[in-house]
Amino acid sequence: MVDLTVKIGGLTLANPVMPGSGTFSESMASVIDINRLGAIVTKTITPDIRHGNPQPRVTEVTGAMLSSIGIPSKGPDHYLAEILPFYAPYRPPVVASISAGSAEAFAGLAACLSVPGVAAIEANISCPNLEADGRAFAMVASDTEKVLRRIKSATSLPIWAKLTPNVGDITVIARAAEAGGADALIVANALLAMAINVETFRPRLGGIMGGLTGAAVKPVILRMVYQCARAVKLPVIGCGGIFTVEDAVEYMLAGATAVQVGTANFIHPTTTIDIIDALPKFLARHGLVAAERLIGAVRVDDAADPLWATAG
Ligand SMILES: Cc1cc2nc3c(=O)[nH]c(=O)nc-3n(C[C@H](O)[C@H](O)[C@H](O)COP(=O)(O)O)c2cc1C
């Protein structure tokens with residue numbers, strides 16, 4: 001028997017695999033056994049009803065997906081009335097992903113969703129701070145700390161902070177999130193990117209720029225997970241380009257305690273379950289009795305382990 005459980009900020013998950021916010025919905029219940037997931041992470045909800053960005057919202061690029069969805073949201077009332085009751089009969093903890101344009105609005109939403117049936121709040125701080133210049137909260141260390149402090153004061157639930165990879169030094173942001181009271185980090189949201197249709201000379205997305213996700217981003221985000229896991233004491237959840245059990249294991253070796261699967265859900269909707277099925281076999285093949293043994297187990301010689309390496 002292999003032990004797949006992992007601990008994330010006060011919660012014990014049956015296994016380390018869960019969907020990434022916005023890539024999973026109630027309709028997945030007709031495709032996979034939701035009870036087998038480590039956790040259920042819901043689509044980001046915002047305080048107001050939002051209709052999302054102009055079309056086209058999704059385009060494919062080599063090895064990745066480029067999307068500019070704009071967080072369409074039906075608001076907290078819909079969430080409480082429809083989404084939470086839907087997940088209530090399922091065993092995995094429900095993680096409510098939230099986003100807002102100010103620290104106050106983030107806190108208000110966290111308080112509103114701190115109800116039975118929600119096990120943790122995932123703060124998607126990769127969204128624009130409307131009280132500053134519109135840069136994402138998680139692009140600025142002081143904004144990161146401030147918003148997390150404010151959310152922390154509004155809820156007693158664990159807070160998972162979802163960072164953006166669109167920064168120079170993600171360890172500075174990770175430390176700010178830890179100082180602000182985050183219980184775990186998700187590394188990371190989508191990479192800011194762009195594509196242009198050379199026949200029409202127009203951007204391929206209605207939102208002009210969008211988020212790059214999928215296989216091509218994995219080495220970049222993996223590097224960030226490695227750096228963050230060494231910079232903070234918090235558990236790190238790796239998210240970026242995970243399609244297979246080997247991808248999930250790679251993230252855990254880099255220091256992730258758990259993983260989130262995003263784009264792969266659109267291509268192979270059973271990816272999360274396939275990884276959960278394959279993980280015990282992988283562990284057994286390596287003589288490991290517990291998934292936790294993978295966390296940070298990458299073998300690196302101290303001398304060859306700089307905090308920063310040149311990219312060239
Ligand atoms: C279509 C789409 C919608 C997404 N919606 C959200 C969202 O609502 N909230 C959020 O925090 N992340 C959202 N994400 C980001 C994913 O949760 C994940 O962080 C990202 O896709 C990287 O993982 P991947 O490479 O496995 O896709 C979305 C991603 C995609 C592709």
# chains A, B, ... in the order shown; residues from 1 in each chain; ligands from 1
>>> residues_around(residues="Arg150 in chain A", least_positions_apart="2", cutoff="10 Å", atoms="only C-alpha atoms", output="short mmCIF file (atom, residue, chain, number, x, y, z; two decimals) with C-alpha atoms, in the first residue's frame")
data_model
loop_
_atom_site.label_atom_id
_atom_site.label_comp_id
_atom_site.auth_asym_id
_atom_site.auth_seq_id
_atom_site.Cartn_x
_atom_site.Cartn_y
_atom_site.Cartn_z
CA ALA A 103 -7.96 44.41 -1.00
CA GLU A 104 -11.28 45.44 0.60
CA ALA A 105 -13.32 43.67 -2.07
CA PHE A 106 -11.11 40.57 -1.78
CA ALA A 107 -11.73 40.51 1.98
CA GLY A 108 -15.49 41.01 1.59
CA ALA A 110 -13.57 35.86 1.34
CA GLU A 145 1.33 41.27 1.45
CA LYS A 146 -1.41 43.85 1.94
CA VAL A 147 -4.14 41.96 0.13
CA LEU A 148 -3.33 38.70 1.92
CA LYS A 152 -6.61 36.81 6.46
CA SER A 153 -8.42 39.22 8.77
CA ALA A 154 -11.73 38.42 7.05
CA THR A 155 -11.72 34.62 7.24
CA GLY A 180 0.82 38.41 4.63
CA GLY A 181 -0.42 35.16 6.14
#
>>> residues_around(residues="Val17 in chain A", least_positions_apart="4", cutoff="10 Å", atoms="only C-alpha atoms", output="VMD selection string")
chain A and resid 4 6 13 36 to 40 237 to 238 245 248 257 to 261 271 to 273 275 to 276 279
>>> write_last_selection(atoms="N, CA, C and O atoms", output="PDB file, in the first residue's frame")
ATOM      1  N   LEU A   4      -0.843   8.205  -0.382  1.00  0.00           N
ATOM      2  CA  LEU A   4      -0.841   9.347  -1.306  1.00  0.00           C
ATOM      3  C   LEU A   4      -1.163  10.669  -0.607  1.00  0.00           C
ATOM      4  O   LEU A   4      -1.167  11.721  -1.249  1.00  0.00           O
ATOM      5  N   VAL A   6      -1.287  14.170   1.327  1.00  0.00           N
ATOM      6  CA  VAL A   6      -0.366  15.305   1.522  1.00  0.00           C
ATOM      7  C   VAL A   6      -1.075  16.352   2.380  1.00  0.00           C
ATOM      8  O   VAL A   6      -2.305  16.404   2.408  1.00  0.00           O
ATOM      9  N   LEU A  13      -5.052  16.243   2.239  1.00  0.00           N
ATOM     10  CA  LEU A  13      -5.679  15.825   0.985  1.00  0.00           C
ATOM     11  C   LEU A  13      -5.412  14.340   0.757  1.00  0.00           C
ATOM     12  O   LEU A  13      -4.316  13.849   1.048  1.00  0.00           O
ATOM     13  N   ARG A  36     -12.498  11.167  -6.400  1.00  0.00           N
ATOM     14  CA  ARG A  36     -11.113  10.687  -6.391  1.00  0.00           C
ATOM     15  C   ARG A  36     -10.094  11.831  -6.368  1.00  0.00           C
ATOM     16  O   ARG A  36      -8.907  11.603  -6.178  1.00  0.00           O
ATOM     17  N   LEU A  37     -10.546  13.062  -6.565  1.00  0.00           N
ATOM     18  CA  LEU A  37      -9.611  14.190  -6.617  1.00  0.00           C
ATOM     19  C   LEU A  37      -9.057  14.511  -5.228  1.00  0.00           C
ATOM     20  O   LEU A  37      -9.722  14.286  -4.215  1.00  0.00           O
ATOM     21  N   GLY A  38      -7.858  15.092  -5.199  1.00  0.00           N
ATOM     22  CA  GLY A  38      -7.304  15.562  -3.938  1.00  0.00           C
ATOM     23  C   GLY A  38      -8.106  16.725  -3.380  1.00  0.00           C
ATOM     24  O   GLY A  38      -8.289  16.875  -2.175  1.00  0.00           O
ATOM     25  N   ALA A  39      -8.574  17.583  -4.280  1.00  0.00           N
ATOM     26  CA  ALA A  39      -9.424  18.718  -3.898  1.00  0.00           C
ATOM     27  C   ALA A  39     -10.198  19.162  -5.132  1.00  0.00           C
ATOM     28  O   ALA A  39      -9.824  18.831  -6.263  1.00  0.00           O
ATOM     29  N   ILE A  40     -11.285  19.904  -4.874  1.00  0.00           N
ATOM     30  CA  ILE A  40     -12.061  20.493  -5.969  1.00  0.00           C
ATOM     31  C   ILE A  40     -11.768  21.991  -5.934  1.00  0.00           C
ATOM     32  O   ILE A  40     -11.979  22.635  -4.902  1.00  0.00           O
ATOM     33  N   ILE A 237       1.997  24.607  -4.327  1.00  0.00           N
ATOM     34  CA  ILE A 237       1.241  23.760  -5.252  1.00  0.00           C
ATOM     35  C   ILE A 237       1.688  24.132  -6.666  1.00  0.00           C
ATOM     36  O   ILE A 237       1.589  25.299  -7.057  1.00  0.00           O
ATOM     37  N   GLY A 238       2.213  23.178  -7.394  1.00  0.00           N
ATOM     38  CA  GLY A 238       2.738  23.455  -8.733  1.00  0.00           C
ATOM     39  C   GLY A 238       1.632  23.402  -9.765  1.00  0.00           C
ATOM     40  O   GLY A 238       0.781  22.511  -9.735  1.00  0.00           O
ATOM     41  N   VAL A 245       1.730  11.670 -15.173  1.00  0.00           N
ATOM     42  CA  VAL A 245       2.242  11.436 -13.819  1.00  0.00           C
ATOM     43  C   VAL A 245       3.692  11.892 -13.717  1.00  0.00           C
ATOM     44  O   VAL A 245       4.118  12.422 -12.682  1.00  0.00           O
ATOM     45  N   ALA A 248       3.722  15.529 -12.965  1.00  0.00           N
ATOM     46  CA  ALA A 248       3.345  15.790 -11.567  1.00  0.00           C
ATOM     47  C   ALA A 248       4.516  15.462 -10.636  1.00  0.00           C
ATOM     48  O   ALA A 248       4.847  16.230  -9.726  1.00  0.00           O
ATOM     49  N   THR A 257       4.186  20.383  -3.034  1.00  0.00           N
ATOM     50  CA  THR A 257       3.516  19.419  -2.160  1.00  0.00           C
ATOM     51  C   THR A 257       2.331  18.790  -2.900  1.00  0.00           C
ATOM     52  O   THR A 257       1.922  17.668  -2.612  1.00  0.00           O
ATOM     53  N   ALA A 258       1.779  19.536  -3.849  1.00  0.00           N
ATOM     54  CA  ALA A 258       0.649  19.040  -4.640  1.00  0.00           C
ATOM     55  C   ALA A 258       0.713  19.710  -6.006  1.00  0.00           C
ATOM     56  O   ALA A 258       1.559  20.579  -6.234  1.00  0.00           O
ATOM     57  N   VAL A 259      -0.194  19.294  -6.892  1.00  0.00           N
ATOM     58  CA  VAL A 259      -0.204  19.873  -8.242  1.00  0.00           C
ATOM     59  C   VAL A 259      -1.626  20.175  -8.693  1.00  0.00           C
ATOM     60  O   VAL A 259      -2.582  19.537  -8.239  1.00  0.00           O
ATOM     61  N   GLN A 260      -1.724  21.137  -9.576  1.00  0.00           N
ATOM     62  CA  GLN A 260      -2.997  21.435 -10.234  1.00  0.00           C
ATOM     63  C   GLN A 260      -2.840  21.218 -11.736  1.00  0.00           C
ATOM     64  O   GLN A 260      -1.831  21.620 -12.329  1.00  0.00           O
ATOM     65  N   VAL A 261      -3.859  20.613 -12.313  1.00  0.00           N
ATOM     66  CA  VAL A 261      -3.874  20.317 -13.746  1.00  0.00           C
ATOM     67  C   VAL A 261      -4.830  21.294 -14.426  1.00  0.00           C
ATOM     68  O   VAL A 261      -5.995  21.387 -14.031  1.00  0.00           O
ATOM     69  N   THR A 271      -7.417  13.508 -17.224  1.00  0.00           N
ATOM     70  CA  THR A 271      -6.002  13.626 -16.844  1.00  0.00           C
ATOM     71  C   THR A 271      -5.773  13.514 -15.338  1.00  0.00           C
ATOM     72  O   THR A 271      -4.863  12.802 -14.884  1.00  0.00           O
ATOM     73  N   THR A 272      -6.568  14.235 -14.537  1.00  0.00           N
ATOM     74  CA  THR A 272      -6.335  14.210 -13.075  1.00  0.00           C
ATOM     75  C   THR A 272      -6.421  12.766 -12.561  1.00  0.00           C
ATOM     76  O   THR A 272      -5.549  12.316 -11.813  1.00  0.00           O
ATOM     77  N   ILE A 273      -7.449  12.047 -12.990  1.00  0.00           N
ATOM     78  CA  ILE A 273      -7.646  10.675 -12.497  1.00  0.00           C
ATOM     79  C   ILE A 273      -6.549   9.755 -13.038  1.00  0.00           C
ATOM     80  O   ILE A 273      -6.055   8.874 -12.324  1.00  0.00           O
ATOM     81  N   ILE A 275      -3.529  10.542 -13.610  1.00  0.00           N
ATOM     82  CA  ILE A 275      -2.321  10.787 -12.807  1.00  0.00           C
ATOM     83  C   ILE A 275      -2.467  10.113 -11.438  1.00  0.00           C
ATOM     84  O   ILE A 275      -1.530   9.466 -10.943  1.00  0.00           O
ATOM     85  N   ILE A 276      -3.648  10.252 -10.837  1.00  0.00           N
ATOM     86  CA  ILE A 276      -3.880   9.632  -9.508  1.00  0.00           C
ATOM     87  C   ILE A 276      -3.736   8.108  -9.612  1.00  0.00           C
ATOM     88  O   ILE A 276      -3.165   7.464  -8.719  1.00  0.00           O
ATOM     89  N   LEU A 279       0.139   7.293 -10.040  1.00  0.00           N
ATOM     90  CA  LEU A 279       1.090   7.698  -8.999  1.00  0.00           C
ATOM     91  C   LEU A 279       1.534   6.536  -8.097  1.00  0.00           C
ATOM     92  O   LEU A 279       2.752   6.381  -7.850  1.00  0.00           O
TER      93      LEU A 279
END
>>> closest_atom_pairs(of="range 175-216 of chain A", to="range 58-67 of chain A", cutoff="7 Å", atoms="only C-alpha atoms", output="CSV")
residue,atom,partner,partner_atom,distance
A:Arg204,CA,A:Thr59,CA,6.9
A:Leu205,CA,A:Val58,CA,6.7
A:Gly210,CA,A:Ser67,CA,5.1
A:Gly211,CA,A:Ser67,CA,5.3
A:Leu212,CA,A:Leu66,CA,4.6
A:Thr213,CA,A:Met65,CA,5.3
A:Gly214,CA,A:Ala64,CA,4.7
A:Ala215,CA,A:Gly63,CA,5.7
A:Ala216,CA,A:Gly63,CA,5.1
>>> write_last_selection(atoms="N, CA, C and O atoms", output="PDB file, in the first residue's frame")
ATOM      1  N   ARG A 204      -4.412  37.732 -32.380  1.00  0.00           N
ATOM      2  CA  ARG A 204      -5.266  36.543 -32.484  1.00  0.00           C
ATOM      3  C   ARG A 204      -6.278  36.442 -31.351  1.00  0.00           C
ATOM      4  O   ARG A 204      -7.164  35.603 -31.383  1.00  0.00           O
ATOM      5  N   LEU A 205      -6.120  37.270 -30.316  1.00  0.00           N
ATOM      6  CA  LEU A 205      -7.097  37.275 -29.217  1.00  0.00           C
ATOM      7  C   LEU A 205      -7.821  38.616 -29.168  1.00  0.00           C
ATOM      8  O   LEU A 205      -7.200  39.676 -29.367  1.00  0.00           O
ATOM      9  N   GLY A 210      -2.820  37.662 -23.709  1.00  0.00           N
ATOM     10  CA  GLY A 210      -3.542  36.608 -22.981  1.00  0.00           C
ATOM     11  C   GLY A 210      -2.589  35.770 -22.165  1.00  0.00           C
ATOM     12  O   GLY A 210      -1.405  36.094 -22.013  1.00  0.00           O
ATOM     13  N   GLY A 211      -3.092  34.685 -21.639  1.00  0.00           N
ATOM     14  CA  GLY A 211      -2.302  33.815 -20.769  1.00  0.00           C
ATOM     15  C   GLY A 211      -1.868  32.565 -21.510  1.00  0.00           C
ATOM     16  O   GLY A 211      -2.678  31.856 -22.094  1.00  0.00           O
ATOM     17  N   LEU A 212      -0.564  32.310 -21.474  1.00  0.00           N
ATOM     18  CA  LEU A 212      -0.007  31.109 -22.099  1.00  0.00           C
ATOM     19  C   LEU A 212      -0.019  29.977 -21.076  1.00  0.00           C
ATOM     20  O   LEU A 212       0.474  30.134 -19.953  1.00  0.00           O
ATOM     21  N   THR A 213      -0.593  28.856 -21.462  1.00  0.00           N
ATOM     22  CA  THR A 213      -0.706  27.702 -20.554  1.00  0.00           C
ATOM     23  C   THR A 213      -0.468  26.433 -21.358  1.00  0.00           C
ATOM     24  O   THR A 213      -0.516  26.444 -22.579  1.00  0.00           O
ATOM     25  N   GLY A 214      -0.237  25.322 -20.649  1.00  0.00           N
ATOM     26  CA  GLY A 214      -0.050  24.055 -21.347  1.00  0.00           C
ATOM     27  C   GLY A 214       1.401  23.625 -21.361  1.00  0.00           C
ATOM     28  O   GLY A 214       2.265  24.233 -20.706  1.00  0.00           O
ATOM     29  N   ALA A 215       1.671  22.568 -22.129  1.00  0.00           N
ATOM     30  CA  ALA A 215       2.964  21.875 -22.060  1.00  0.00           C
ATOM     31  C   ALA A 215       4.178  22.810 -22.120  1.00  0.00           C
ATOM     32  O   ALA A 215       5.148  22.625 -21.378  1.00  0.00           O
ATOM     33  N   ALA A 216       4.130  23.815 -23.000  1.00  0.00           N
ATOM     34  CA  ALA A 216       5.330  24.643 -23.217  1.00  0.00           C
ATOM     35  C   ALA A 216       5.743  25.441 -21.987  1.00  0.00           C
ATOM     36  O   ALA A 216       6.901  25.828 -21.863  1.00  0.00           O
TER      37      ALA A 216
END
>>> residues_around(residues="Pro128 in chain A", least_positions_apart="4", cutoff="8 Å", atoms="only C-alpha atoms", output="PyMOL selection string")
chain A and resi 101+134-137
>>> write_last_selection(atoms="N, CA and C atoms", output="PDB file, in the first residue's frame")
ATOM      1  N   GLY A 101     -10.916  43.566  -7.352  1.00  0.00           N
ATOM      2  CA  GLY A 101     -10.079  44.672  -7.806  1.00  0.00           C
ATOM      3  C   GLY A 101      -9.430  45.461  -6.682  1.00  0.00           C
ATOM      4  N   GLY A 134      -3.263  48.964 -12.092  1.00  0.00           N
ATOM      5  CA  GLY A 134      -3.838  47.865 -12.860  1.00  0.00           C
ATOM      6  C   GLY A 134      -2.922  46.666 -12.980  1.00  0.00           C
ATOM      7  N   ARG A 135      -1.688  46.818 -12.478  1.00  0.00           N
ATOM      8  CA  ARG A 135      -0.814  45.636 -12.454  1.00  0.00           C
ATOM      9  C   ARG A 135      -1.384  44.627 -11.468  1.00  0.00           C
ATOM     10  N   ALA A 136      -1.156  43.361 -11.718  1.00  0.00           N
ATOM     11  CA  ALA A 136      -1.677  42.336 -10.810  1.00  0.00           C
ATOM     12  C   ALA A 136      -1.113  42.540  -9.404  1.00  0.00           C
ATOM     13  N   PHE A 137      -1.933  42.249  -8.392  1.00  0.00           N
ATOM     14  CA  PHE A 137      -1.470  42.327  -6.996  1.00  0.00           C
ATOM     15  C   PHE A 137      -0.143  41.587  -6.857  1.00  0.00           C
TER      16      PHE A 137
END
>>> residues_near_ligand(ligand="ligand 1", cutoff="6 Å", atoms="only C-alpha atoms and all ligand atoms", output="ChimeraX atom specification")
/A:20-23,43-44,71,124,188-190,213-214,239-242,261-263
>>> residues_around(residues="Asp48 in chain A", least_positions_apart="6", cutoff="12 Å", atoms="only C-alpha atoms", output="PyMOL selection string")
chain A and resi 71-79+98-101+105-106+108-109
>>> write_last_selection(atoms="N, CA and C atoms", output="CSV table (one decimal), in the first residue's frame")
chain,number,residue,atom,x,y,z
A,71,ILE,N,-12.2,36.2,-16.8
A,71,ILE,CA,-12.9,35.8,-15.6
A,71,ILE,C,-14.4,36.1,-15.7
A,72,PRO,N,-15.2,35.5,-16.6
A,72,PRO,CA,-16.6,35.7,-16.6
A,72,PRO,C,-17.1,35.1,-15.2
A,73,SER,N,-18.0,35.8,-14.6
A,73,SER,CA,-18.4,35.3,-13.2
A,73,SER,C,-19.9,35.6,-13.0
A,74,LYS,N,-20.6,34.7,-12.4
A,74,LYS,CA,-22.0,34.9,-12.1
A,74,LYS,C,-22.2,35.5,-10.7
A,75,GLY,N,-21.0,35.8,-10.0
A,75,GLY,CA,-21.1,36.4,-8.7
A,75,GLY,C,-21.3,35.4,-7.5
A,76,PRO,N,-21.1,36.0,-6.3
A,76,PRO,CA,-21.2,35.1,-5.1
A,76,PRO,C,-22.5,34.5,-4.8
A,77,ASP,N,-23.6,35.2,-5.1
A,77,ASP,CA,-25.0,34.6,-4.8
A,77,ASP,C,-25.2,33.3,-5.6
A,78,HIS,N,-24.8,33.3,-6.9
A,78,HIS,CA,-24.9,32.1,-7.7
A,78,HIS,C,-24.0,31.0,-7.2
A,79,TYR,N,-22.8,31.4,-6.7
A,79,TYR,CA,-21.9,30.4,-6.2
A,79,TYR,C,-22.5,29.7,-5.0
A,98,ILE,N,-11.1,33.1,-5.5
A,98,ILE,CA,-11.8,34.4,-5.6
A,98,ILE,C,-10.8,35.4,-6.2
A,99,SER,N,-11.4,36.5,-6.7
A,99,SER,CA,-10.6,37.6,-7.2
A,99,SER,C,-11.4,38.8,-7.1
A,100,ALA,N,-10.7,40.0,-7.0
A,100,ALA,CA,-11.4,41.2,-6.8
A,100,ALA,C,-10.4,42.4,-7.2
A,101,GLY,N,-10.9,43.6,-7.4
A,101,GLY,CA,-10.1,44.7,-7.8
A,101,GLY,C,-9.4,45.5,-6.7
A,105,ALA,N,-12.4,44.5,-1.4
A,105,ALA,CA,-13.3,43.7,-2.1
A,105,ALA,C,-12.9,42.2,-2.0
A,106,PHE,N,-11.6,41.9,-2.0
A,106,PHE,CA,-11.1,40.6,-1.8
A,106,PHE,C,-11.6,40.1,-0.4
A,108,GLY,N,-14.0,41.2,1.5
A,108,GLY,CA,-15.5,41.0,1.6
A,108,GLY,C,-15.9,39.7,1.0
A,109,LEU,N,-15.3,39.4,-0.2
A,109,LEU,CA,-15.7,38.1,-0.9
A,109,LEU,C,-15.3,36.9,-0.1
>>> select_by_dssp(residues="range 82-241 of chain A", states="alpha helix (DSSP H)", output="PyMOL selection string")
chain A and resi 84-87+103-112+141-154+170-179+218-231
>>> atom_distance(atom1="CA of Leu84 in chain A", atom2="CA of Ala119 in chain A")
11.2 Å
>>> decode(residues="range 205-282 of chain A", atoms="C-alpha atoms", output="PDB file, in the first residue's frame")
ATOM      1  CA  LEU A 205      -7.097  37.275 -29.217  1.00  0.00           C
ATOM      2  CA  GLY A 206      -9.875  39.794 -28.685  1.00  0.00           C
ATOM      3  CA  GLY A 207      -8.135  40.819 -25.456  1.00  0.00           C
ATOM      4  CA  ILE A 208      -4.885  41.388 -27.493  1.00  0.00           C
ATOM      5  CA  MET A 209      -2.669  39.800 -24.817  1.00  0.00           C
ATOM      6  CA  GLY A 210      -3.542  36.608 -22.981  1.00  0.00           C
ATOM      7  CA  GLY A 211      -2.302  33.815 -20.769  1.00  0.00           C
ATOM      8  CA  LEU A 212      -0.007  31.109 -22.099  1.00  0.00           C
ATOM      9  CA  THR A 213      -0.706  27.702 -20.554  1.00  0.00           C
ATOM     10  CA  GLY A 214      -0.050  24.055 -21.347  1.00  0.00           C
ATOM     11  CA  ALA A 215       2.964  21.875 -22.060  1.00  0.00           C
ATOM     12  CA  ALA A 216       5.330  24.643 -23.217  1.00  0.00           C
ATOM     13  CA  VAL A 217       5.188  26.546 -19.916  1.00  0.00           C
ATOM     14  CA  LYS A 218       6.205  23.613 -17.709  1.00  0.00           C
ATOM     15  CA  PRO A 219       9.980  24.188 -17.503  1.00  0.00           C
ATOM     16  CA  VAL A 220       9.458  27.874 -16.683  1.00  0.00           C
ATOM     17  CA  ILE A 221       6.939  27.248 -13.918  1.00  0.00           C
ATOM     18  CA  LEU A 222       8.880  24.251 -12.616  1.00  0.00           C
ATOM     19  CA  ARG A 223      11.888  26.541 -12.140  1.00  0.00           C
ATOM     20  CA  MET A 224       9.677  28.971 -10.209  1.00  0.00           C
ATOM     21  CA  VAL A 225       8.337  26.177  -7.986  1.00  0.00           C
ATOM     22  CA  TYR A 226      11.921  25.125  -7.247  1.00  0.00           C
ATOM     23  CA  GLN A 227      12.840  28.686  -6.285  1.00  0.00           C
ATOM     24  CA  CYS A 228       9.701  29.334  -4.200  1.00  0.00           C
ATOM     25  CA  ALA A 229       9.918  26.052  -2.327  1.00  0.00           C
ATOM     26  CA  ARG A 230      13.380  27.042  -1.151  1.00  0.00           C
ATOM     27  CA  ALA A 231      12.394  30.642  -0.376  1.00  0.00           C
ATOM     28  CA  VAL A 232       9.423  30.010   1.938  1.00  0.00           C
ATOM     29  CA  LYS A 233       8.251  27.473   4.509  1.00  0.00           C
ATOM     30  CA  LEU A 234       4.759  27.293   2.990  1.00  0.00           C
ATOM     31  CA  PRO A 235       3.597  24.330   0.944  1.00  0.00           C
ATOM     32  CA  VAL A 236       3.764  25.107  -2.769  1.00  0.00           C
ATOM     33  CA  ILE A 237       1.241  23.760  -5.252  1.00  0.00           C
ATOM     34  CA  GLY A 238       2.738  23.455  -8.733  1.00  0.00           C
ATOM     35  CA  CYS A 239       0.613  24.395 -11.724  1.00  0.00           C
ATOM     36  CA  GLY A 240       1.739  24.677 -15.330  1.00  0.00           C
ATOM     37  CA  GLY A 241       1.759  22.217 -18.186  1.00  0.00           C
ATOM     38  CA  ILE A 242       0.995  19.058 -16.229  1.00  0.00           C
ATOM     39  CA  PHE A 243      -0.316  16.266 -18.479  1.00  0.00           C
ATOM     40  CA  THR A 244       1.193  13.065 -17.069  1.00  0.00           C
ATOM     41  CA  VAL A 245       2.242  11.436 -13.819  1.00  0.00           C
ATOM     42  CA  GLU A 246       5.858  12.191 -14.765  1.00  0.00           C
ATOM     43  CA  ASP A 247       5.000  15.907 -14.995  1.00  0.00           C
ATOM     44  CA  ALA A 248       3.345  15.790 -11.567  1.00  0.00           C
ATOM     45  CA  VAL A 249       6.304  13.916 -10.062  1.00  0.00           C
ATOM     46  CA  GLU A 250       8.734  16.419 -11.603  1.00  0.00           C
ATOM     47  CA  TYR A 251       6.904  19.255  -9.828  1.00  0.00           C
ATOM     48  CA  MET A 252       6.972  17.390  -6.522  1.00  0.00           C
ATOM     49  CA  LEU A 253      10.684  16.681  -6.880  1.00  0.00           C
ATOM     50  CA  ALA A 254      11.182  20.422  -7.445  1.00  0.00           C
ATOM     51  CA  GLY A 255       9.447  21.096  -4.122  1.00  0.00           C
ATOM     52  CA  ALA A 256       5.705  21.078  -4.791  1.00  0.00           C
ATOM     53  CA  THR A 257       3.516  19.419  -2.160  1.00  0.00           C
ATOM     54  CA  ALA A 258       0.649  19.040  -4.640  1.00  0.00           C
ATOM     55  CA  VAL A 259      -0.204  19.873  -8.242  1.00  0.00           C
ATOM     56  CA  GLN A 260      -2.997  21.435 -10.234  1.00  0.00           C
ATOM     57  CA  VAL A 261      -3.874  20.317 -13.746  1.00  0.00           C
ATOM     58  CA  GLY A 262      -5.163  23.041 -16.084  1.00  0.00           C
ATOM     59  CA  THR A 263      -5.070  22.997 -19.882  1.00  0.00           C
ATOM     60  CA  ALA A 264      -4.812  19.197 -19.985  1.00  0.00           C
ATOM     61  CA  ASN A 265      -8.407  19.014 -18.709  1.00  0.00           C
ATOM     62  CA  PHE A 266      -9.573  20.502 -22.022  1.00  0.00           C
ATOM     63  CA  ILE A 267      -7.614  17.965 -24.069  1.00  0.00           C
ATOM     64  CA  HIS A 268      -7.940  14.799 -21.962  1.00  0.00           C
ATOM     65  CA  PRO A 269     -10.671  15.405 -19.359  1.00  0.00           C
ATOM     66  CA  THR A 270      -9.565  12.329 -17.374  1.00  0.00           C
ATOM     67  CA  THR A 271      -6.002  13.626 -16.844  1.00  0.00           C
ATOM     68  CA  THR A 272      -6.335  14.210 -13.075  1.00  0.00           C
ATOM     69  CA  ILE A 273      -7.646  10.675 -12.497  1.00  0.00           C
ATOM     70  CA  ASP A 274      -5.088   9.147 -14.863  1.00  0.00           C
ATOM     71  CA  ILE A 275      -2.321  10.787 -12.807  1.00  0.00           C
ATOM     72  CA  ILE A 276      -3.880   9.632  -9.508  1.00  0.00           C
ATOM     73  CA  ASP A 277      -4.095   6.076 -10.901  1.00  0.00           C
ATOM     74  CA  ALA A 278      -0.488   6.126 -12.098  1.00  0.00           C
ATOM     75  CA  LEU A 279       1.090   7.698  -8.999  1.00  0.00           C
ATOM     76  CA  PRO A 280       1.089   4.582  -6.737  1.00  0.00           C
ATOM     77  CA  LYS A 281       2.705   2.565  -9.534  1.00  0.00           C
ATOM     78  CA  PHE A 282       5.374   5.225 -10.008  1.00  0.00           C
TER      79      PHE A 282
END
